[in-house]
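Listing of target-v8.pdb, PDB, C-alpha atoms and all ligand atoms
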```pdb
ATOM      1  CA  MET A1435      -4.552 -13.618  -5.262  1.00  0.00           C
ATOM      2  CA  SER A1436      -5.842 -11.706  -8.250  1.00  0.00           C
ATOM      3  CA  GLU A1437      -4.328  -8.400  -9.263  1.00  0.00           C
ATOM      4  CA  THR A1438      -7.597  -6.616  -8.578  1.00  0.00           C
ATOM      5  CA  THR A1439      -7.742  -7.849  -4.998  1.00  0.00           C
ATOM      6  CA  PRO A1440      -4.455  -7.085  -3.290  1.00  0.00           C
ATOM      7  CA  SER A1441      -3.891  -8.986  -0.067  1.00  0.00           C
ATOM      8  CA  VAL A1442      -3.725  -7.151   3.222  1.00  0.00           C
ATOM      9  CA  PHE A1443       0.019  -7.816   3.135  1.00  0.00           C
ATOM     10  CA  SER A1444       0.375  -6.188  -0.292  1.00  0.00           C
ATOM     11  CA  LYS A1445      -1.389  -3.166   1.179  1.00  0.00           C
ATOM     12  CA  ILE A1446       1.149  -3.076   4.000  1.00  0.00           C
ATOM     13  CA  VAL A1447       3.994  -3.316   1.457  1.00  0.00           C
ATOM     14  CA  ALA A1448       2.409  -0.386  -0.452  1.00  0.00           C
ATOM     15  CA  ARG A1449       1.943   1.571   2.812  1.00  0.00           C
ATOM     16  CA  GLU A1450      -1.796   1.681   2.164  1.00  0.00           C
ATOM     17  CA  ILE A1451      -2.415   0.368   5.658  1.00  0.00           C
ATOM     18  CA  PRO A1452      -0.122   0.810   8.656  1.00  0.00           C
ATOM     19  CA  ALA A1453       1.955  -1.891  10.310  1.00  0.00           C
ATOM     20  CA  ASP A1454       4.652  -2.127  12.941  1.00  0.00           C
ATOM     21  CA  ILE A1455       7.475  -2.932  10.517  1.00  0.00           C
ATOM     22  CA  VAL A1456      10.569  -4.494  12.072  1.00  0.00           C
ATOM     23  CA  ARG A1457      12.611  -5.377   8.964  1.00  0.00           C
ATOM     24  CA  GLU A1458      12.495  -4.540   5.286  1.00  0.00           C
ATOM     25  CA  SER A1459      14.617  -5.344   2.257  1.00  0.00           C
ATOM     26  CA  ASP A1460      14.049  -5.214  -1.486  1.00  0.00           C
ATOM     27  CA  ASP A1461      12.270  -8.571  -1.401  1.00  0.00           C
ATOM     28  CA  ILE A1462      10.901  -9.059   2.106  1.00  0.00           C
ATOM     29  CA  ILE A1463       8.980  -7.137   4.735  1.00  0.00           C
ATOM     30  CA  ALA A1464       8.490  -8.205   8.361  1.00  0.00           C
ATOM     31  CA  PHE A1465       6.013  -6.695  10.802  1.00  0.00           C
ATOM     32  CA  ARG A1466       4.312  -7.549  14.074  1.00  0.00           C
ATOM     33  CA  ASP A1467       1.141  -9.603  13.867  1.00  0.00           C
ATOM     34  CA  ILE A1468      -1.924  -7.538  14.696  1.00  0.00           C
ATOM     35  CA  GLN A1469      -3.228 -10.357  16.934  1.00  0.00           C
ATOM     36  CA  PRO A1470      -0.106 -11.765  18.569  1.00  0.00           C
ATOM     37  CA  GLN A1471      -0.264 -15.375  19.735  1.00  0.00           C
ATOM     38  CA  ALA A1472       3.073 -15.256  21.578  1.00  0.00           C
ATOM     39  CA  PRO A1473       5.279 -12.659  23.306  1.00  0.00           C
ATOM     40  CA  VAL A1474       7.110 -12.295  19.981  1.00  0.00           C
ATOM     41  CA  HIS A1475       4.915 -12.736  16.907  1.00  0.00           C
ATOM     42  CA  VAL A1476       6.269 -11.308  13.680  1.00  0.00           C
ATOM     43  CA  LEU A1477       5.158 -12.078  10.133  1.00  0.00           C
ATOM     44  CA  VAL A1478       7.851 -12.451   7.477  1.00  0.00           C
ATOM     45  CA  VAL A1479       6.366 -11.761   4.061  1.00  0.00           C
ATOM     46  CA  PRO A1480       7.868 -11.734   0.565  1.00  0.00           C
ATOM     47  CA  LYS A1481       6.851  -8.530  -1.166  1.00  0.00           C
ATOM     48  CA  THR A1482       5.744 -10.400  -4.242  1.00  0.00           C
ATOM     49  CA  ALA A1483       2.112 -11.527  -4.148  1.00  0.00           C
ATOM     50  CA  GLN A1484       2.906 -14.269  -6.634  1.00  0.00           C
ATOM     51  CA  TYR A1485       2.810 -17.146  -4.143  1.00  0.00           C
ATOM     52  CA  SER A1486      -0.051 -17.997  -1.834  1.00  0.00           C
ATOM     53  CA  GLN A1487       1.507 -21.008  -0.139  1.00  0.00           C
ATOM     54  CA  VAL A1488       4.946 -22.066   0.976  1.00  0.00           C
ATOM     55  CA  SER A1489       5.108 -25.156  -1.265  1.00  0.00           C
ATOM     56  CA  GLU A1490       4.671 -22.955  -4.356  1.00  0.00           C
ATOM     57  CA  LEU A1491       7.398 -20.630  -3.146  1.00  0.00           C
ATOM     58  CA  ALA A1492       9.747 -23.530  -2.375  1.00  0.00           C
ATOM     59  CA  ALA A1493       9.248 -24.979  -5.850  1.00  0.00           C
ATOM     60  CA  SER A1494       9.593 -21.707  -7.742  1.00  0.00           C
ATOM     61  CA  ASP A1495      11.989 -19.561  -5.730  1.00  0.00           C
ATOM     62  CA  PRO A1496      13.831 -21.514  -3.030  1.00  0.00           C
ATOM     63  CA  ALA A1497      16.325 -18.667  -2.605  1.00  0.00           C
ATOM     64  CA  LEU A1498      13.510 -16.356  -1.530  1.00  0.00           C
ATOM     65  CA  LEU A1499      12.301 -18.966   0.957  1.00  0.00           C
ATOM     66  CA  ALA A1500      15.845 -19.211   2.322  1.00  0.00           C
ATOM     67  CA  GLN A1501      15.901 -15.421   2.687  1.00  0.00           C
ATOM     68  CA  MET A1502      12.692 -15.613   4.726  1.00  0.00           C
ATOM     69  CA  VAL A1503      14.288 -18.113   7.095  1.00  0.00           C
ATOM     70  CA  SER A1504      17.366 -15.919   7.415  1.00  0.00           C
ATOM     71  CA  VAL A1505      15.223 -12.864   8.220  1.00  0.00           C
ATOM     72  CA  ALA A1506      13.317 -14.934  10.795  1.00  0.00           C
ATOM     73  CA  GLN A1507      16.610 -15.873  12.449  1.00  0.00           C
ATOM     74  CA  ASP A1508      17.749 -12.234  12.519  1.00  0.00           C
ATOM     75  CA  ILE A1509      14.467 -11.153  14.120  1.00  0.00           C
ATOM     76  CA  ALA A1510      14.723 -13.908  16.713  1.00  0.00           C
ATOM     77  CA  GLU A1511      18.328 -12.936  17.518  1.00  0.00           C
ATOM     78  CA  GLU A1512      17.091  -9.433  18.206  1.00  0.00           C
ATOM     79  CA  MET A1513      13.878 -10.243  20.060  1.00  0.00           C
ATOM     80  CA  CYS A1514      14.088 -13.665  21.687  1.00  0.00           C
ATOM     81  CA  ASP A1515      17.660 -14.914  22.082  1.00  0.00           C
ATOM     82  CA  GLY A1516      17.721 -16.522  18.647  1.00  0.00           C
ATOM     83  CA  GLN A1517      15.156 -19.168  19.593  1.00  0.00           C
ATOM     84  CA  PHE A1518      11.938 -19.295  17.674  1.00  0.00           C
ATOM     85  CA  ARG A1519       9.198 -21.313  16.058  1.00  0.00           C
ATOM     86  CA  LEU A1520       8.578 -20.815  12.348  1.00  0.00           C
ATOM     87  CA  VAL A1521       5.024 -21.564  11.167  1.00  0.00           C
ATOM     88  CA  PHE A1522       3.570 -21.611   7.675  1.00  0.00           C
ATOM     89  CA  ASN A1523      -0.157 -22.222   7.603  1.00  0.00           C
ATOM     90  CA  SER A1524      -1.002 -23.794   4.287  1.00  0.00           C
ATOM     91  CA  GLY A1525      -4.682 -23.958   3.379  1.00  0.00           C
ATOM     92  CA  GLU A1526      -7.875 -22.856   5.085  1.00  0.00           C
ATOM     93  CA  ALA A1527      -8.250 -26.050   7.085  1.00  0.00           C
ATOM     94  CA  ALA A1528      -4.780 -25.419   8.515  1.00  0.00           C
ATOM     95  CA  GLY A1529      -5.768 -21.938   9.614  1.00  0.00           C
ATOM     96  CA  GLN A1530      -4.472 -19.888   6.692  1.00  0.00           C
ATOM     97  CA  THR A1531      -6.488 -16.688   6.360  1.00  0.00           C
ATOM     98  CA  VAL A1532      -4.214 -14.552   4.179  1.00  0.00           C
ATOM     99  CA  PHE A1533      -3.329 -16.160   0.852  1.00  0.00           C
ATOM    100  CA  HIS A1534      -0.073 -14.295   0.342  1.00  0.00           C
ATOM    101  CA  VAL A1535       2.691 -16.551   1.576  1.00  0.00           C
ATOM    102  CA  HIS A1536       4.051 -15.629   5.001  1.00  0.00           C
ATOM    103  CA  ALA A1537       5.917 -17.123   7.927  1.00  0.00           C
ATOM    104  CA  HIS A1538       4.935 -16.618  11.540  1.00  0.00           C
ATOM    105  CA  VAL A1539       7.991 -16.096  13.754  1.00  0.00           C
ATOM    106  CA  LEU A1540       6.927 -16.983  17.293  1.00  0.00           C
ATOM    107  CA  GLY A1541       9.158 -16.616  20.294  1.00  0.00           C
ATOM    108  CA  GLY A1542       9.381 -16.094  24.020  1.00  0.00           C
ATOM    109  CA  ASN A1543       8.510 -18.833  26.541  1.00  0.00           C
ATOM    110  CA  LEU A1544       6.762 -21.186  24.152  1.00  0.00           C
ATOM    111  CA  ALA A1545       7.954 -24.468  25.609  1.00  0.00           C
ATOM    112  CA  GLU A1546       5.171 -24.993  28.138  1.00  0.00           C
ATOM    113  CA  GLY A1547       1.663 -25.839  26.943  1.00  0.00           C
ATOM    114  CA  SER A1548       2.718 -25.383  23.380  1.00  0.00           C
ATOM    115  CA  LEU A1549       2.252 -27.201  20.099  1.00  0.00           C
ATOM    116  CA  ALA A1550       5.555 -28.959  20.724  1.00  0.00           C
ATOM    117  CA  GLN A1551       3.976 -30.855  23.612  1.00  0.00           C
ATOM    118  CA  ARG A1552       0.779 -31.948  21.934  1.00  0.00           C
TER     119      ARG A1552
HETATM  120  P1  LIG A1601      -2.587 -16.953   8.600  1.00  0.00           P
HETATM  121  O1  LIG A1601      -3.785 -17.243   9.466  1.00  0.00           O
HETATM  122  O2  LIG A1601      -2.998 -16.679   7.180  1.00  0.00           O
HETATM  123  O3  LIG A1601      -1.474 -17.953   8.712  1.00  0.00           O
HETATM  124  O4  LIG A1601      -1.959 -15.628   9.194  1.00  0.00           O
HETATM  125  C1  LIG A1601      -2.414 -14.366   8.900  1.00  0.00           C
HETATM  126  C2  LIG A1601      -1.990 -13.484  10.042  1.00  0.00           C
HETATM  127  O5  LIG A1601      -2.085 -12.150   9.610  1.00  0.00           O
HETATM  128  C3  LIG A1601      -2.860 -13.615  11.302  1.00  0.00           C
HETATM  129  O6  LIG A1601      -2.066 -14.018  12.391  1.00  0.00           O
HETATM  130  C4  LIG A1601      -3.442 -12.216  11.483  1.00  0.00           C
HETATM  131  O7  LIG A1601      -3.508 -11.825  12.829  1.00  0.00           O
HETATM  132  C5  LIG A1601      -2.465 -11.356  10.691  1.00  0.00           C
HETATM  133  N1  LIG A1601      -3.070 -10.154  10.121  1.00  0.00           N
HETATM  134  C6  LIG A1601      -4.224 -10.082   9.404  1.00  0.00           C
HETATM  135  N2  LIG A1601      -4.462  -8.815   9.034  1.00  0.00           N
HETATM  136  C7  LIG A1601      -3.422  -8.084   9.518  1.00  0.00           C
HETATM  137  C8  LIG A1601      -3.105  -6.695   9.442  1.00  0.00           C
HETATM  138  O8  LIG A1601      -3.817  -5.873   8.861  1.00  0.00           O
HETATM  139  N3  LIG A1601      -1.960  -6.289  10.037  1.00  0.00           N
HETATM  140  C9  LIG A1601      -1.129  -7.173  10.702  1.00  0.00           C
HETATM  141  N4  LIG A1601      -0.022  -6.665  11.246  1.00  0.00           N
HETATM  142  N5  LIG A1601      -1.402  -8.481  10.770  1.00  0.00           N
HETATM  143  C10 LIG A1601      -2.545  -8.930  10.198  1.00  0.00           C
END
```
So, in terms of structure tokens, how does the structure I just supplied come out?
Amino acid sequence: MSETTPSVFSKIVAREIPADIVRESDDIIAFRDIQPQAPVHVLVVPKTAQYSQVSELAASDPALLAQMVSVAQDIAEEMCDGQFRLVFNSGEAAGQTVFHVHAHVLGGNLAEGSLAQR
């Protein structure tokens, strides 16, 4: 993501567009997905726009990736009994539409008819 084209998530971090924010720290923001695909659907997003995909983040800042997982767990404890699916779409063909790394935290009655059963 170039500096002249901030991602939609950078705009949420900067409060340039609104979001239903559920968690925030110095490094991470989490907010509800605007088009939820599950009863609980929260995006966990590092504030830095430096990484577009999870593999880059894992290679360069594994501690930040670990923080994302920890935040996901905290959100799930609060919203869906600590049980959740964590999804990183990586690349357009995989469904990635926002190229600012993020995790989808999905929860609430996912077992039936879900990805896990395909
Ligand atoms: P991706 O497809 O890149 O893995 O996920 C991007 C996600 O961001 C999608 O699920 C989409 O619904 C969500 N999204 C896109 N724009 C906005 C927005 O302005 N606000 C919120 N809260 N979510 C958004």
| field | Minimum-distance residue to ligand LIG 1601 (chain A), chosen among A:Val1478, A:Ile1462, A:Leu1491, A:Met1502 (using all atoms listed in the file) | value | A:Val1478
With 8 Å of padding per side, what axis-aligned box (centre and edge lengths, Å, one decimal) covers all the listed atoms of ligand LIG 1601 (chain A)? Give it as lines of an AutoDock Vina configuration file.
```
center_x = -2.2
center_y = -11.9
center_z = 10.0
size_x = 20.4
size_y = 28.1
size_z = 21.6
```
| field | Minimum-distance residue to ligand LIG 1601 (chain A), chosen among A:Ala1527, A:Leu1540, A:Ala1472, A:Val1532 (using only C-alpha atoms and all ligand atoms) | value | A:Val1532
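Taking CA of Ser1504 (chain A) and CA of Val1456 (chain A) as the two end points, the separation is 14.1 Å.
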| query | With distances taken over all atoms listed in the file, which of A:Val1447, A:Ile1463, A:Leu1498, A:Ala1453 is nearest to ligand LIG 1601 (chain A)? | reply | A:Ala1453
| request: May I ask you to write as a ChimeraX atom specification all residues lying at most 10 Å from ligand LIG 1601 (chain A), with only C-alpha atoms and all ligand atoms counted? | output: /A:1441-1443,1445-1446,1451-1455,1464-1471,1475-1477,1486-1487,1521-1526,1528-1538
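Closest approach to Met1513 (chain A) among A:Pro1440, A:Arg1449, A:Ala1483, A:Gly1542: A:Gly1542, based on only C-alpha atoms.
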| request: For Gly1541 (chain A), work out the shell of residues within 8 Å, counting all atoms listed in the file and skipping chain neighbours fewer than 5 positions away, then give it as a PyMOL selection string. | output: chain A and resi 1472-1475+1510+1513-1514+1517-1519
Output C-alpha atoms for every residue in the selection just made, as a compact mmCIF listing (two decimals), in the frame of the given file.
```txt
# COMPACT_ATOMS: atom_id res chain seq x y z
CA ALA A 1472 3.07 -15.26 21.58
CA PRO A 1473 5.28 -12.66 23.31
CA VAL A 1474 7.11 -12.30 19.98
CA HIS A 1475 4.92 -12.74 16.91
CA ALA A 1510 14.72 -13.91 16.71
CA MET A 1513 13.88 -10.24 20.06
CA CYS A 1514 14.09 -13.66 21.69
CA GLN A 1517 15.16 -19.17 19.59
CA PHE A 1518 11.94 -19.30 17.67
CA ARG A 1519 9.20 -21.31 16.06
```
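A straight line drawn from CA of Asn1543 (chain A) to CA of Val1479 (chain A) is 23.7 Å long.
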